[in-house]
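Visitor: Structure in structure tokens, see below.
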Amino acid sequence: MPLSYTIAVIAIPLLMFLFLGLVGVKMDKKLTGVLGTIGMLITTVLAYGVALTYFFGADQGQMADGVRSAVVVFNPDWLSFTKTLVVRMGIMLDPIAAMMLVVITTVSLMVHLYSLGYMCDHHGHAEKGFQRYYAFLALFTFSMLGLVVATNLFQIFIFFEMVGVSSYLLIGFYYQSPAAVHASKKAFIVTRLADLFFLLGIMILSFYTGTFDFDKLVFGPEGANSLEVAQSAIASSHGATFLGCSVMAWALTFIFIGGAGKSAMYPLHIWLPDAMEGPTPVSALIHAATMVVAGVFLVARLFPLYVIEQGAMEIVCVTGAFTAFYAAAIACVQSDIKRALAFSTISQIAFMMTSLAVSSAQGGLIEIHGGHGLGFMASMFHLFTHAMFKALLFLCAGAIIHAVHSNENSQMHGLHKYMPITSIAFLIGCLAIAGIPPFAGFWSKDEILVACYAKGMGWGIWMSMVAGMTAFYMFRIYFLIFHWRQHEVHTEHAPSDQPWTMTLPLIILATISVVAGFVPAHDLVTWDGRELHTQLNWTVAGSSVLIACIGIGLAYKMYFKENELPDKLQARFSGLWEAAYRRFYMDELYQFITHKVIFQGICKPIAKFDRGIIDGFFNLLAAATGQAAYGIRRLQNGSIQSYVYLYLVGALALAVITMVCVLI
Amino acid sequence: MNLTLLMYLVPSLIMFGCGVYGFLTRKNMIAIMISLELMLNSVDINFVVFNRYLFPEQMEGMFFTLFAIALAAAETALALAIIINVFRVARKVDINQLTKLKF
């Protein structure tokens, strides 16, 4: 299949969005959903074809000397401001773009299919706004696909904004619920703030390098070494510095902040838990599998630049490592199933960030040594596996919520008997994320840990600890939902497995979660396109499995059967528990900073100055003019007699004055 | 008895004063117009008298007066026509009451 079919992969969701958005209202609700799903199925098939051709079709010319190079399928000028400042819109395929095509279309297809069942009430009638929902899903898929195949930074920025908008629209899908409206606003504003930095970063970077194109920034001409290309791009700033750091470090840090906003890194993570107000399949697609990894993708895209500019890389690394721990700690105590999963997502994305950032260029700049090139591969591999099993977990959560009509796990308990398929699928997801072999998460997480240990013992131990916490909190959720105690049936319908449209995606994703670990990622998704020769590091693998098992065992002891232990621990560490449950008061802190400091302390005085002094001055002018006009208004009364009278008086007065003057 | 310049100018001045007074105090539009005529005619007298006494060999004052009379006749006809039309519409000629066109 020719690689130019990528255009169709991107065009179909766009056309579907336009079609469903414009004509959908006139059509039968179910039909729009089915049409959207079929469109997505075609897209998925094409995307798989393109990805397989890219990876395995040797005749396409992208394999030269065993190196997979980036292929620019087409790249026309879109906006040409000046001769040098040209923004292009195009399609570029490289290993990570091809991998992302597969991830996005797979999860999107599953979500399209799943939503056919999920977005219906219990009588099987489609919800209000069903067409709108499918139109937005198509819009999101289009934007995300456009993002990953972008040929330049500016195109990425445009599609970054578009995924932000579609995320906003879908979080606020239930626009009659105030919580959803607040959540969508919060998500939009926080990511917009981050995108401001992203734009600044792009401007600085392109100002010094004179280009937006990845071709020139990181890939270079055929057969060039990416690091050398990146080195010369960095060198184009001629050592310009700002506040003691090189401008390139600033630019890359700003770009990372943009990515951190989308990827919910601390401290810009606050929007993601609230975004769970959207429909659950949306959470699975946007807020677990695809959009939130856009930040990771961005850093991966500029990876050679970051490797050269170690200062920026350190920031990424520290942020990632801290966020991983922070989010995992919060996830341990959340009672809302979707929020717990949201924090788990934040933690896992932080894993990917850290893994990317442990790489460094050693011994000059030509080779990334041993464990270091591994970080990039492990990160992308984890992105791939995580998308699959986290989408699975979210879709399971959706099925449970659909069955019991609540997000709180106190309303669930003991569902294993009622929903066996969902239970097993959820268990597979949990095993995968906990890193138990042979499930997908084991392979990717193990490589992340190896890369972290290669950077330093401390990093490795820290990330291993977070991995243990991951196992603990995932199994805490699992046991609390499906075991703990007998389920109390509140409604007349006992909860049960959902219709096939919702169960089939679970089965497919569960299967992928089992086998995805065997995808030969080191051969396919490496930073320089060369195959990476690694073997399983048994020490790290063994210890990480052991840690995961300890986490699971602990969760089993505490949450499998109803007992006093969790309550006792909660009472014992009530301060810590409360702090974690309230997400370490980050939302309160933001509330304080925005409302008390910015609104009250800065905006209010400025508003007062504006209203009092600036507006006041002009109001005074207007008022004075008005008063004066009001005063002399009586002169113009339309009565000719009074005019004549005044004229006469004036003339006489002048005559008198003249006479006096003459006499004197 | 010899008629001097002053003997013409004083009645003319009195006429003009009466005209001004009438113009300012009358409320009837016809009375106002009559006052206006009075002022105009006093000015005409002045023209003729000045011409006669100060520049007897010239005739500009006389001609100008003739012009003024003709114009005054035309103006009076026009004003009367307006007043009659106003009266037809409003049934009154008192300028204090004719406020319909005021904003």
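Ligands are numbered from 1 in the order shown, residues from 1 within each chain, and chains are lettered A, B, ... in the order they appear in the structure tokens.
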Contacts from chain B to chain A, 12 Å maximum, only C-alpha atoms: show me the residue list as a short mmCIF file (atom, residue, chain, number, x, y, z; two decimals) with N, CA and C atoms, in the first residue's frame.
Guide:
data_model
loop_
_atom_site.label_atom_id
_atom_site.label_comp_id
_atom_site.auth_asym_id
_atom_site.auth_seq_id
_atom_site.Cartn_x
_atom_site.Cartn_y
_atom_site.Cartn_z
N GLY B 17 -37.62 102.86 16.77
CA GLY B 17 -37.80 102.42 18.17
C GLY B 17 -39.14 101.75 18.35
N VAL B 20 -38.93 98.29 16.88
CA VAL B 20 -38.21 97.33 17.73
C VAL B 20 -39.09 96.93 18.91
N TYR B 21 -39.69 97.93 19.52
CA TYR B 21 -40.52 97.63 20.67
C TYR B 21 -41.66 96.68 20.30
N GLY B 22 -42.30 97.02 19.18
CA GLY B 22 -43.41 96.17 18.74
C GLY B 22 -42.92 94.75 18.42
N PHE B 23 -41.78 94.66 17.77
CA PHE B 23 -41.26 93.33 17.39
C PHE B 23 -41.00 92.48 18.62
N LEU B 24 -40.50 93.14 19.67
CA LEU B 24 -40.15 92.38 20.87
C LEU B 24 -41.36 92.03 21.71
N THR B 25 -42.38 92.85 21.71
CA THR B 25 -43.46 92.64 22.68
C THR B 25 -44.69 91.98 22.08
N ARG B 26 -44.97 92.22 20.80
CA ARG B 26 -46.20 91.66 20.23
C ARG B 26 -46.12 90.15 20.17
N LYS B 27 -47.26 89.48 20.33
CA LYS B 27 -47.29 88.03 20.18
C LYS B 27 -48.00 87.62 18.91
N ASN B 28 -48.80 88.55 18.37
CA ASN B 28 -49.52 88.27 17.14
C ASN B 28 -48.56 88.40 15.97
N MET B 29 -48.55 87.41 15.09
CA MET B 29 -47.59 87.41 14.01
C MET B 29 -47.79 88.58 13.06
N ILE B 32 -46.28 91.59 14.59
CA ILE B 32 -44.82 91.52 14.47
C ILE B 32 -44.40 91.96 13.08
N LEU B 36 -42.06 95.08 11.84
CA LEU B 36 -40.93 94.88 10.95
C LEU B 36 -40.96 95.90 9.82
N ILE B 95 -47.56 83.58 18.36
CA ILE B 95 -46.30 82.80 18.22
C ILE B 95 -45.97 82.01 19.47
N ASN B 96 -46.48 82.38 20.63
CA ASN B 96 -46.19 81.59 21.83
C ASN B 96 -46.88 80.23 21.77
N GLN B 97 -47.98 80.19 21.02
CA GLN B 97 -48.71 78.92 20.97
C GLN B 97 -48.31 78.06 19.77
N LEU B 98 -47.58 78.67 18.85
CA LEU B 98 -47.21 77.89 17.66
C LEU B 98 -45.91 77.12 17.93
N THR B 99 -46.04 76.05 18.73
CA THR B 99 -44.82 75.32 19.13
C THR B 99 -44.79 73.90 18.57
N LYS B 100 -45.68 73.67 17.60
CA LYS B 100 -45.82 72.29 17.14
C LYS B 100 -44.54 71.74 16.51
N LEU B 101 -43.77 72.59 15.86
CA LEU B 101 -42.58 72.11 15.15
C LEU B 101 -41.34 72.11 16.03
N LYS B 102 -41.52 72.54 17.29
CA LYS B 102 -40.37 72.51 18.20
C LYS B 102 -40.06 71.05 18.55
N PHE B 103 -38.76 70.76 18.69
CA PHE B 103 -38.42 69.35 18.94
C PHE B 103 -38.85 68.94 20.33
#
Visitor: Quick one: residues within 9 Å of Gly19 in chain B, only C-alpha atoms, excluding same-chain residues fewer than 6 positions away - as a ChimeraX atom specification?
Guide: /B:32,34-40,42
Visitor: Please write the residues from the selection above to a file, keeping C-alpha atoms, as a PDB file, in the first residue's frame.
Guide:
ATOM      1  CA  ILE B  32     -44.825  91.523  14.471  1.00  0.00           C
ATOM      2  CA  ILE B  34     -46.210  95.380  10.921  1.00  0.00           C
ATOM      3  CA  SER B  35     -43.429  96.269  13.382  1.00  0.00           C
ATOM      4  CA  LEU B  36     -40.928  94.882  10.948  1.00  0.00           C
ATOM      5  CA  GLU B  37     -42.365  97.064   8.187  1.00  0.00           C
ATOM      6  CA  LEU B  38     -42.114 100.042  10.471  1.00  0.00           C
ATOM      7  CA  MET B  39     -38.389  99.452  11.009  1.00  0.00           C
ATOM      8  CA  LEU B  40     -37.830  98.924   7.307  1.00  0.00           C
ATOM      9  CA  SER B  42     -37.665 104.147   8.957  1.00  0.00           C
TER      10      SER B  42
END
Visitor: What's the separation between CA of Val293 in chain A and CA of Phe592 in chain A, in Å to one decimal place?
Guide: 28.9 Å
Visitor: Go ahead and compute the interatomic distance for CA of Val103 in chain A and CA of Met144 in chain A, in Å to one decimal.
Guide: 10.7 Å
